[in-house]
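Q: Can you read through this structure? Questions will come right after.
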Amino acid sequence: MRMRLLTTMAAVVGLTATGAAAADLLDEIKDRGELTCGTLDYLAGVGYLDDNGNWSGFDVDFCKAASAAIFGTPDKVKFVAVTGAQKFPVLASGEIDILSRSVTATISRDTTLGFDYIGPNMLSGQGLMVHKETGATDYDQMDGATICVLAGTVTERYLADYFAAHNMSFTPVAAENGDQLFAMYFDNRCDAVTMEPPYLAIRRNKMAENPEDHVIFEDVIAKSFEAPFIREGSPRFYKLLQWMHYGMVTAEELGVTKENVDDMVANSTDPRVQRLLGVDGNIGADMGVANDWMVNVIKAVGNYGEFYDNNLGANSPLQVPRGLNALVRDGGAMTAPGWQ
Amino acid sequence: MKAGALLLGASNGMRLTALLRQRDVQAQLAFVALVVLVVWGMVQNAASVEGRDAVQSGFGFLWDRASFQLGESLIPYGAGDTYGRAFLVGILNTVKVAICGIVLSTVLGLMIALGQLSPSVLTARLCRLYIEIFRNMPLLLQLIFWHTFLIRGLPVVRQALSPVDGVYLTNRGLFIPGIVGHVAYGWMALALALGVAAAVIVSRIARQRDTQISAGWRAALVLVPPLAVFLAFGAPLSVDLPHLAGFNFKGGWTLSPEFAAMVIGLTLYTAAFNAEIIRAGIQGIPKGQTEAALALGLHRRQIMRLVIIPQTLRIITPPMTNSYLNITKESSLAVAIGYPEVVRVANITLAETNRSIECIALIMIIYLTLSLIISALLNLANARVQLEQR
Amino acid sequence: MMQQVRTHPPLIAGLKELVKTPTAALMNLVALVAFIAILKPIVEWGLIDAVWSGTDGSACPQGSGACWAFIRDKSRLIFFGRFPLDQQWRAGVATALLVLLVAASLTPTFWGRKLGVAWAVGLATYFLLMAGGVPGLTPVPSAEWGGLPLTILLTVFGVGFGLVLSVPVALAKTSKLPVFKVAATIYVEAIRGVPLISVLFMASILLPVILPEGLTPGGIGRALAGIVVFFAAYMAEVLRGGLQSLPKGQYEACASLGLRYWPMMLKVILPQAFVIVLPAIVNMIIAALKGTSLVVIVAMMDFLGTTKASLADPDWIGFYVEAYVFAGLVYGIMCGAISWYGRRIEKRFVGAREHKN
């Protein structure tokens with residue numbers, strides 16, 4: 001009796017292991033009725049719980065938009081806070097569907113590790129913030145400096161690459177999380193701290209006694225294009241998210257906003273707008289979602305400009321400039337293929 | 001003792017075992033099968049999750065180039081060296097902090113134990129208070145506290161505390177004059193090891209012949225060879241003074257706040273436990289022993305050296321072994337304050353390569369090996385104290 | 001039994017004790033001076049110059065003593081983490097209930113069927129209060145559990161499940177069947193040779209990789225799994241010691257009564273072994289309580305985690321000494337209380353038993 005029980009158990013373990021579903025994740029998510037999103041819970045503007053305990057921020061909103069695209073409403077998401085070390089194992093294991101945690105897109109993550117990235121939806125670089133009293137104004141003066149880095153991020157690696165390439169040396173001081181990182185920097189444990197300039201600016205404005213005592217270098221030592229990640233092997237899910245991102249950018253280009261989207265659906269005569277919002281054509285339905293899916297996305301988080309500004313930019317307390325993330329026509333680099 | 005019952009049990013047992021053995025064998029086989037199947041299932045699952053060659057390639061990545069820096073290292077290391085070397089740096093840093101913690105917590109523990117046993121009631125109470133405070137707070141909390149304290153509490157580089165020239169205390173660490181490395185030192189270490197070995201062998205031979213080698217001769221055996229090497233190399237000795245250059249102090253030796261916080265935290269925490277072990281060891285020796293030794297006309301110092309200490313050592317060696325193992329394992333908490341030991345290196349490697357299974361296996365293998373080495377060394381010591389008291 | 005219990009002499013005798021010999025008198029004096037030298041700044045900082053109320057960092061200017069106002073302002077966050085503000089009484093009541101159950105379970109006189117029923121009812125109430133989801137109690141997802149309730153949850157269930165797991169392991173380790181013996185030995189020795197943090201990493205990073213989708217527990221479950229696996233190895237060793245210290249006659253008596261292995265173990269041997277190892281289990285609870293603070297490294301908001309989180313408020317920058325001293329005090333009081341309770345039980349039960357033997 002016991003023997004049989006054991007064999008059954010073992011068989012179950014084995015079967016579940018091998019019988020990993022080959023179906024597209026999109027169908028699975030639709031069946032499940034919920035999307036799981038791995039994000040972070042401590043960085044205001046990016047991923048955090050607001051005063052009422054609601055998940056908010058740029059990375060969080062991406063998942064809400066995905067929920068709106070698939071289910072028509074932004075609230076069919078389960079958020080999970082994941083650490084830097086957990087993020088890829090947790091994504092790879094299928095515990096989360098989307099990893100939206102300001103992860104930098106790199107070739108090894110895209111190919112060797114077996115993930116797909118969406119966008120990138122945040123174009124940035126790796127910069128440095130330095131105590132003004134050191135007198136340093138550019139990277140070539142940083143030889144021998146002590147630099148605070150966030151443990152387990154690509155910034156750690158890019159910094160080492162940059163210093164090696166320029167024959168300079170530095171001493172890294174590692175921190176486990178952003179709070180600790182900047183606390184150490186502001187306590188002068190390090191001469192400089194490295195991260196994407198927008199985040200440096202956020203922390204400088206929030207944590208420094210005198211923000212003007214800290215210099216953020218204008219140039220960046222490495223490109224750092226951040227993107228949500230999914231597992232490889234679900235082409236339809238991948239394309240839906242990818243075109244959701246493009247759709248948000250296109251909406252901004254066409255002037256479709258959260259406010260006017262209903263009006264646009266009813267009254268716009270612009271064929272590009274009609275196609276984008278599903279008034280014309282069958283693109284949405286062909287992708288396996290509602291034909292007006294982009295309407296739902298825009299109602300949930302707005303077009304790309306609103307998505308950015310409400311969380312990080314002009315309409316947020318953080319006031320991070322658009323920079324590269326402005327549309328190409330405004331001098332930035334954000335653009336999208338045609339919606340034909 | 002009740003031979004009849006025992007016999008009865010045995011004969012009953014004989015008949016039962018014939019039956020039992022079959023069920024036992026069945027149960028064991030089923031267990032093995034279950035373990036194999038579960039492990040197989042996990043491997044399958046891991047393979048399907050990690051995809052591609054992730055599982056097959058095993059530990060080959062250790063020979064790949066790592067591109068990260070580490071804050072401090074006992075051996076030359078820089079971005080571009082292999083992951084394997086990075087792990088070696090981590091192991092050495094773990095060993096460094098563990099050894100410092102072991103030595104200091106033993107000394108402090110001994111002092112507190114003696115304080116508890118002192119004739120002074122107040123001293124005893126004070127020591128007791130120390131123990132109750134430090135062993136009842138999580139080590140991690142203490143480590144984080146000391147790390148924050150050292151960084152926030154000490155002056156910045158430009159306002160360094162400098163009690164004497166060449167010594168600077170800042171929130172980037174303690175900078176002290178260092179001796180510049182020289183090849184001679186390696187040979188001196190070798191000569192010292194040979195000297196110690198010679199001294200051990202000579203005194204053992206002497207003991208077999210029932211003679212004694214004087215302490216002076218033994219010291220000479222140990223110290224002369226390295227000294228000779230030192231002189232043979234032309235007495236290379238140059239001291240490097242730390243000086244402010246650019247951002248930081250350069251030159252000399254540095255004690256980082258991360259390392260210092262680790263040593264302070266581990267020492268204060270473990271000393272509380274060690275004090276209890278040592279106190280119990282000393283109290284474990286009956287008063288009669290001291291009285292007997294006094295009656296034999298031994299001096300206080302002789303009693304300590306010949307009667308009390310050997311027996312105390314015998315009692316405390318096993319629990320102290322445990323305590324030393326704990327220090328080594330608990331040094332892994334350094335990851336929370338960014339000291340580059342094994343777990344931190346494994347964490348960065350994991351983030352870069354996504355080899356989660358391999359990296360966690362490496363952490364475990366390294367600590368298991370360290371634990372085994374420490375147990376082996378202390379078991380040797382234990383065998384020695386046990387022998388000596390015969 | 002070497003040490004006599006120290007009797008507290010009346011005041012005069014106590015004073016005489018202080019100056020028994022010249023050396024003792026001198027050392028007492030030195031200790032007194034040291035004590036005052038240590039205590040004075042602490043009292044000044046922590047009590048006399050301390051600031052007790054205020055709403056942001058400006059209430060505690062540079063040079064003032066401890067800023068307990070900070071702890072007061074942040075106490076809800078420190079104690080309950082993200083548990084919804086208006087529901088925090090639920091976490092408080094539930095946790096108190098859990099602590100009561102454990103306290104009762106540590107007393108052998110209560111061991112029996114009634115205790116089992118109490119646990120069943122208690123646990124049901126506990127999870128109902130924590131998770132909610134019935135009319136009148138809004139649901140609180142486990143991701144929002146934090147602070148002291150989470151610390152206590154991890155400790156209690158970590159040691160509880162650890163004990164359950166340790167029984168078969170200890171039996172296997174003392175078993176004559178080689179497969180079980182070897183497997184148990186490998187498990188116990190491997191776990192005791194590695195740090196808790198590595199086991200927690202394994203639970204938080206490796207579990208999702210090696211377990212099939214859907215079988216992977218969530219955040220708290222994973223941390224708990226790591227704690228259970230870790231402490232079970234230590235408890236199995238403790239329990240094995242208890243099993244081996246039972247007189248052989250107990251086993252022989254069972255054999256002569258014709259009891260089979262499992263009835264013998266469950267009815268006769270294990271209950272006695274548990275009484276013997278009770279002090280060790282109490283120590284294990286203390287170790288686990290301190291050990292749970294490590295979950296902060298795998299991004300859980302336990303009591304240490306919420307303490308750290310309280311330091312991130314831009315309105316209150318730089319009150320880390322207060323925060324950590326406070327957290328240390330809370331841990332110290334909890335551990336001290338447990339060890340006091342443990343000594344009391346030990347005196348009543350284990351001591352009594354030893355005298356009988």
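Ordering of the structure tokens sets the chain letters (A, B, ...), residue numbers begin anew at 1 in every chain, and ligands are numbered from 1 in the order given.
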What residues in chain A lie within 7 Å of chain C, counting only C-alpha atoms, written as JSON, numbers by chain?

A: {"A": [16, 17, 83, 86, 89, 90, 93, 94, 95, 179, 206, 207]}

Q: Let me see the file: selected residues, N, CA and C atoms, as a compact mmCIF listing (two decimals), in the first residue's frame.

A:
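Wrote it out as out18.txt, contents follow:
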```
# COMPACT_ATOMS: atom_id res chain seq x y z
N THR A 16 4.86 15.93 -13.77
CA THR A 16 4.71 17.37 -13.80
C THR A 16 5.98 18.02 -14.32
N ALA A 17 7.10 17.35 -13.99
CA ALA A 17 8.36 17.94 -14.40
C ALA A 17 8.51 17.91 -15.91
N THR A 83 13.85 40.01 -5.32
CA THR A 83 15.16 40.62 -5.11
C THR A 83 15.98 40.48 -6.39
N GLN A 86 16.93 36.96 -6.97
CA GLN A 86 15.82 36.06 -7.27
C GLN A 86 15.28 36.24 -8.67
N PRO A 89 15.88 33.48 -11.64
CA PRO A 89 15.36 32.15 -11.29
C PRO A 89 13.83 32.14 -11.20
N VAL A 90 13.28 33.19 -10.61
CA VAL A 90 11.83 33.23 -10.42
C VAL A 90 11.11 33.36 -11.77
N SER A 93 11.47 30.00 -13.66
CA SER A 93 10.70 28.88 -13.12
C SER A 93 9.23 28.98 -13.45
N GLY A 94 8.78 30.10 -14.00
CA GLY A 94 7.37 30.23 -14.33
C GLY A 94 6.54 30.77 -13.19
N GLU A 95 7.21 31.15 -12.11
CA GLU A 95 6.44 31.68 -10.98
C GLU A 95 5.85 33.04 -11.31
N ASP A 179 18.37 51.64 -0.57
CA ASP A 179 18.43 52.50 0.62
C ASP A 179 19.82 52.47 1.23
N LYS A 206 15.84 63.68 -2.80
CA LYS A 206 15.11 63.21 -1.63
C LYS A 206 15.98 63.11 -0.39
N MET A 207 17.24 62.70 -0.57
CA MET A 207 18.02 62.31 0.60
C MET A 207 19.14 63.28 0.98
```

Q: What residues in chain B lie within 8 Å of chain A, counting only C-alpha atoms, written as a tab-separated table (two decimals) with C-alpha atoms, in the first residue's frame?

A:
```tsv
chain	number	residue	atom	x	y	z
B	30	ALA	CA	11.06	2.16	-1.44
B	34	LEU	CA	11.55	7.70	-3.82
B	37	LEU	CA	12.69	9.69	-8.38
B	38	VAL	CA	12.32	12.99	-6.57
B	40	TRP	CA	15.36	12.91	-11.01
B	41	GLY	CA	12.16	14.92	-11.17
B	42	MET	CA	13.92	17.98	-9.76
B	44	GLN	CA	14.30	17.30	-15.09
B	45	ASN	CA	12.41	20.31	-13.88
B	48	SER	CA	13.33	22.41	-18.44
B	49	VAL	CA	13.39	25.67	-16.50
B	50	GLU	CA	16.96	26.70	-17.13
B	51	GLY	CA	16.83	25.53	-20.70
B	67	SER	CA	33.99	41.24	-14.81
B	68	PHE	CA	33.45	42.56	-11.35
B	69	GLN	CA	35.67	44.04	-8.71
B	70	LEU	CA	35.81	43.07	-5.07
B	71	GLY	CA	36.36	45.56	-2.27
B	72	GLU	CA	39.22	43.80	-0.55
B	79	ALA	CA	37.99	42.41	-13.10
B	151	ILE	CA	30.26	54.54	8.76
B	152	ARG	CA	28.13	57.21	10.42
B	156	VAL	CA	35.26	61.36	6.77
B	171	ASN	CA	34.72	55.96	8.02
B	172	ARG	CA	36.52	54.34	5.09
B	246	GLY	CA	43.48	61.84	-4.47
B	247	PHE	CA	40.30	60.47	-2.95
B	248	ASN	CA	41.64	58.18	-0.27
B	335	VAL	CA	26.73	39.53	2.73
B	336	ALA	CA	24.28	41.92	4.42
B	337	ILE	CA	26.97	44.57	4.87
B	338	GLY	CA	28.86	44.04	1.64
B	339	TYR	CA	32.01	42.36	2.91
B	347	ASN	CA	25.65	36.26	-5.30
B	348	ILE	CA	27.38	38.39	-7.93
B	349	THR	CA	28.32	35.32	-9.92
B	350	LEU	CA	24.73	34.16	-9.77
B	351	ALA	CA	23.50	37.51	-10.98
B	352	GLU	CA	25.96	37.49	-13.89
B	354	ASN	CA	22.32	32.82	-13.68
B	356	SER	CA	21.72	29.38	-9.46
```

Q: Could you list, as a CSV table (one decimal) with N, CA and C atoms, in the first residue's frame, every residue within 7 Å of region 288-302 of chain A, counting only C-alpha atoms and ignoring same-chain residues fewer than 6 positions away?

A:
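Ended up saving to out30.csv:
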```
chain,number,residue,atom,x,y,z
A,61,ASP,N,3.1,49.9,-13.5
A,61,ASP,CA,2.1,50.3,-14.5
A,61,ASP,C,2.2,49.5,-15.7
A,65,ALA,N,-0.8,47.7,-17.5
A,65,ALA,CA,-1.2,47.9,-18.9
A,65,ALA,C,-1.4,46.5,-19.6
A,68,ALA,N,-4.6,45.2,-18.7
A,68,ALA,CA,-5.6,45.8,-19.5
A,68,ALA,C,-5.7,45.3,-20.9
A,69,ALA,N,-4.5,45.0,-21.5
A,69,ALA,CA,-4.5,44.5,-22.9
A,69,ALA,C,-5.1,43.2,-23.0
A,70,ILE,N,-4.9,42.3,-22.0
A,70,ILE,CA,-5.4,40.9,-22.1
A,70,ILE,C,-6.8,40.8,-21.5
A,72,GLY,N,-8.8,43.5,-20.3
A,72,GLY,CA,-9.6,44.7,-20.4
A,72,GLY,C,-9.6,45.6,-19.2
A,73,THR,N,-9.1,45.0,-18.1
A,73,THR,CA,-9.0,45.9,-16.9
A,73,THR,C,-7.6,45.8,-16.3
A,74,PRO,N,-7.1,46.8,-15.7
A,74,PRO,CA,-5.7,46.8,-15.2
A,74,PRO,C,-5.5,46.1,-13.9
A,247,GLY,N,2.5,50.5,-29.2
A,247,GLY,CA,1.2,51.2,-29.3
A,247,GLY,C,1.1,52.4,-28.4
A,257,THR,N,-4.7,60.4,-25.7
A,257,THR,CA,-4.3,60.4,-24.3
A,257,THR,C,-5.5,59.7,-23.6
A,258,LYS,N,-5.2,59.5,-22.3
A,258,LYS,CA,-6.1,58.9,-21.4
A,258,LYS,C,-7.5,59.7,-21.4
A,261,VAL,N,-9.2,59.5,-25.2
A,261,VAL,CA,-9.3,58.2,-26.0
A,261,VAL,C,-10.7,57.8,-26.4
A,276,LEU,N,-5.1,52.1,-34.7
A,276,LEU,CA,-4.5,51.9,-33.3
A,276,LEU,C,-5.5,51.5,-32.3
A,277,LEU,N,-6.7,52.1,-32.4
A,277,LEU,CA,-7.7,51.9,-31.3
A,277,LEU,C,-8.7,50.8,-31.7
A,278,GLY,N,-8.4,50.2,-32.8
A,278,GLY,CA,-9.2,49.0,-33.2
A,278,GLY,C,-10.6,49.4,-33.8
A,282,ASN,N,-8.6,44.4,-37.9
A,282,ASN,CA,-8.9,43.3,-37.0
A,282,ASN,C,-7.6,42.9,-36.2
```

Q: Would you list the contacts of Asp49 (chain C) as number ranges by chain, taking every protein, DNA or RNA residue within 12 Å and counting only C-alpha atoms, but skipping same-chain residues closer than 5 positions in sequence?

A: C: 40-44, 60-68

Q: May I ask which of the residues B:Tyr77, B:Phe61, B:Tyr130, B:Trp187 is the closest one to chain C, counting only C-alpha atoms?

A: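 Closest to chain C, using only C-alpha atoms: B:Tyr130.
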
Q: Please return, as a PyMOL selection string, all residues of region 44-180 of chain A that DSSP assigns to strand (DSSP E) on the basis of the backbone.

A: chain A and resi 47-49+55-56+77-81+98-104+115-117+122-131+145-150+170-175

Q: Enter the distance from CA of Leu324 (chain A) to CA of Leu123 (chain A), in Å, rounded to one decimal.

A: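 So the answer is 6.0 Å.
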
Q: Please provide the set of residues having any atom within 8 Å of region 91-96 of chain B, restricted to only C-alpha atoms, with same-chain residues fewer than 3 positions apart removed, written as a PyMOL selection string.

A: chain B and resi 73-74+87-88+99-100+328+331-332+340-342+366

Q: Please, what distance in Å, to one decimal, runs between CA of Lys114 (chain C) and CA of Gly92 (chain C)?

A: 24.6 Å

Q: Quick one: distance from CA of Phe58 (chain A) to CA of Leu312 (chain A) in Å, one decimal?

A: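 CA of Phe58 (chain A) sits 7.2 Å away from CA of Leu312 (chain A).
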
Q: Just asking: which residues within region 42-254 of chain B are alpha helix (DSSP H) according to DSSP, as number ranges by chain?

A: B: 42-50, 83-116, 121-135, 139-153, 183-208, 215-232

Q: Store the residues of this selection in a file with C-alpha atoms, as a short mmCIF file (atom, residue, chain, number, x, y, z; two decimals), in the first residue's frame.

A:
```
data_model
loop_
_atom_site.label_atom_id
_atom_site.label_comp_id
_atom_site.auth_asym_id
_atom_site.auth_seq_id
_atom_site.Cartn_x
_atom_site.Cartn_y
_atom_site.Cartn_z
CA MET B 42 13.92 17.98 -9.76
CA VAL B 43 16.77 17.66 -12.23
CA GLN B 44 14.30 17.30 -15.09
CA ASN B 45 12.41 20.31 -13.88
CA ALA B 46 15.54 22.36 -13.44
CA ALA B 47 16.64 21.37 -16.93
CA SER B 48 13.33 22.41 -18.44
CA VAL B 49 13.39 25.67 -16.50
CA GLU B 50 16.96 26.70 -17.13
CA TYR B 83 35.12 33.37 -11.40
CA GLY B 84 37.17 30.64 -9.77
CA ARG B 85 39.70 33.18 -8.56
CA ALA B 86 36.90 35.42 -7.32
CA PHE B 87 35.62 32.49 -5.25
CA LEU B 88 39.14 31.98 -3.91
CA VAL B 89 39.18 35.63 -2.83
CA GLY B 90 35.85 35.05 -1.13
CA ILE B 91 37.11 31.96 0.67
CA LEU B 92 40.22 33.76 1.89
CA ASN B 93 38.14 36.69 3.13
CA THR B 94 35.84 34.27 4.94
CA VAL B 95 38.81 32.54 6.53
CA LYS B 96 40.36 35.88 7.48
CA VAL B 97 37.27 37.10 9.27
CA ALA B 98 36.67 33.69 10.87
CA ILE B 99 40.20 33.45 12.26
CA CYS B 100 40.07 36.97 13.70
CA GLY B 101 36.68 36.25 15.20
CA ILE B 102 37.81 32.93 16.68
CA VAL B 103 40.93 34.36 18.32
CA LEU B 104 39.34 37.53 19.67
CA SER B 105 36.11 35.90 20.87
CA THR B 106 38.13 33.29 22.73
CA VAL B 107 40.26 35.90 24.48
CA LEU B 108 37.25 38.07 25.35
CA GLY B 109 35.22 34.99 26.34
CA LEU B 110 37.99 33.88 28.68
CA MET B 111 38.15 37.30 30.28
CA ILE B 112 34.42 37.37 30.85
CA ALA B 113 34.40 33.83 32.19
CA LEU B 114 37.14 34.72 34.68
CA GLY B 115 35.25 37.88 35.54
CA GLN B 116 32.16 35.84 36.31
CA VAL B 121 30.37 40.17 43.12
CA LEU B 122 29.96 43.31 41.07
CA THR B 123 32.43 42.17 38.42
CA ALA B 124 30.60 38.88 38.18
CA ARG B 125 27.27 40.69 37.78
CA LEU B 126 28.68 42.99 35.13
CA CYS B 127 29.99 40.03 33.14
CA ARG B 128 26.65 38.25 33.49
CA LEU B 129 24.90 41.35 32.17
CA TYR B 130 27.23 41.41 29.18
CA ILE B 131 26.40 37.80 28.36
CA GLU B 132 22.65 38.30 28.66
CA ILE B 133 22.70 41.39 26.45
CA PHE B 134 24.90 40.17 23.65
CA ARG B 135 23.71 36.63 23.22
CA LEU B 139 23.89 38.59 15.24
CA LEU B 140 22.64 40.14 12.02
CA LEU B 141 21.17 43.07 13.97
CA GLN B 142 24.47 43.58 15.76
CA LEU B 143 26.45 43.42 12.51
CA ILE B 144 24.22 45.95 10.78
CA PHE B 145 24.43 48.18 13.83
CA TRP B 146 28.23 48.13 13.96
CA HIS B 147 28.53 48.67 10.23
CA THR B 148 26.20 51.67 10.30
CA PHE B 149 27.91 52.91 13.43
CA LEU B 150 31.39 52.76 11.91
CA ILE B 151 30.26 54.54 8.76
CA ARG B 152 28.13 57.21 10.42
CA GLY B 153 30.11 57.60 13.61
CA VAL B 183 59.93 37.62 -1.65
CA ALA B 184 62.03 37.07 1.46
CA TYR B 185 58.86 36.92 3.58
CA GLY B 186 57.59 33.87 1.77
CA TRP B 187 60.83 32.04 2.41
CA MET B 188 60.80 33.23 6.01
CA ALA B 189 57.39 31.71 6.50
CA LEU B 190 58.67 28.44 5.07
CA ALA B 191 61.73 28.58 7.34
CA LEU B 192 59.48 29.26 10.33
CA ALA B 193 57.34 26.25 9.48
CA LEU B 194 60.44 24.09 9.18
CA GLY B 195 61.73 25.46 12.48
CA VAL B 196 58.46 24.63 14.25
CA ALA B 197 58.51 21.15 12.76
CA ALA B 198 62.12 20.67 13.89
CA ALA B 199 61.28 21.84 17.41
CA VAL B 200 58.34 19.45 17.63
CA ILE B 201 60.39 16.50 16.38
CA VAL B 202 63.34 17.24 18.66
CA SER B 203 61.21 17.55 21.77
CA ARG B 204 59.36 14.37 20.90
CA ILE B 205 62.62 12.46 20.54
CA ALA B 206 63.79 13.97 23.79
CA ARG B 207 60.62 12.89 25.55
CA GLN B 208 61.08 9.34 24.32
CA ALA B 215 62.59 26.30 26.35
CA GLY B 216 65.51 28.40 25.12
CA TRP B 217 66.65 25.73 22.70
CA ARG B 218 63.17 25.22 21.40
CA ALA B 219 62.72 28.94 20.83
CA ALA B 220 66.06 29.02 19.03
CA LEU B 221 65.01 26.17 16.76
CA VAL B 222 61.86 28.03 15.84
CA LEU B 223 63.22 31.55 15.49
CA VAL B 224 66.73 31.17 14.08
CA PRO B 225 65.85 29.80 10.61
CA PRO B 226 63.51 32.64 9.59
CA LEU B 227 65.94 35.18 11.06
CA ALA B 228 68.78 33.66 9.04
CA VAL B 229 66.69 33.87 5.87
CA PHE B 230 65.81 37.46 6.67
CA LEU B 231 69.48 38.40 7.03
CA ALA B 232 70.47 36.36 3.99
#
```

Q: For Glu34 (chain A), find every residue with an atom within 9 Å (counting only C-alpha atoms), except residues of its own chain fewer than 2 positions away, and show them as a list in words.

A: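 Those residues are Ile29, Lys30, Asp31, Arg32, Thr36, Ser67, Phe71, Asp75, Lys76, Val77 and Lys78 of chain A.
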
Q: Quick one: residues within 6 Å of region 38-44 of chain A, only C-alpha atoms, excluding same-chain residues fewer than 3 positions away - as an mmCIF file with C-alpha atoms, in the first residue's frame?

A:
```cif
data_model
loop_
_atom_site.group_PDB
_atom_site.id
_atom_site.type_symbol
_atom_site.label_atom_id
_atom_site.label_comp_id
_atom_site.auth_asym_id
_atom_site.auth_seq_id
_atom_site.Cartn_x
_atom_site.Cartn_y
_atom_site.Cartn_z
ATOM 1 C CA GLY A 47 7.957 50.097 -8.033
ATOM 2 C CA TYR A 48 6.609 50.709 -4.537
ATOM 3 C CA PHE A 79 2.390 41.561 -7.888
ATOM 4 C CA VAL A 80 5.351 39.830 -6.311
ATOM 5 C CA ALA A 81 8.361 41.682 -4.955
ATOM 6 C CA VAL A 82 11.543 39.951 -6.085
ATOM 7 C CA ILE A 96 5.996 35.076 -12.603
ATOM 8 C CA LEU A 99 9.598 40.552 -14.798
ATOM 9 C CA SER A 100 9.147 44.307 -14.727
ATOM 10 C CA ARG A 101 11.847 45.449 -12.378
#
```

Q: Between B:Ser118, B:Gln212, B:Ser256, B:Ser323, which residue has the minimum interatomic distance to Ala272 (chain B), considering only C-alpha atoms?

A: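 Using only C-alpha atoms, the shortest distance to Ala272 (chain B) belongs to B:Ser323.
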
Q: Just checking: using only C-alpha atoms, which residue out of C:Phe231, C:Trp45, C:Trp145, C:Tyr261 ends up closest to chain B?

A: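 Looking at the shortest contact to chain B, the residue is C:Tyr261.
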
Q: With only C-alpha atoms as the atoms that count, which of C:Val238, C:Leu47, C:Leu101, C:Ala172 lies nearest to chain B?

A: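 Closest candidate: C:Ala172.
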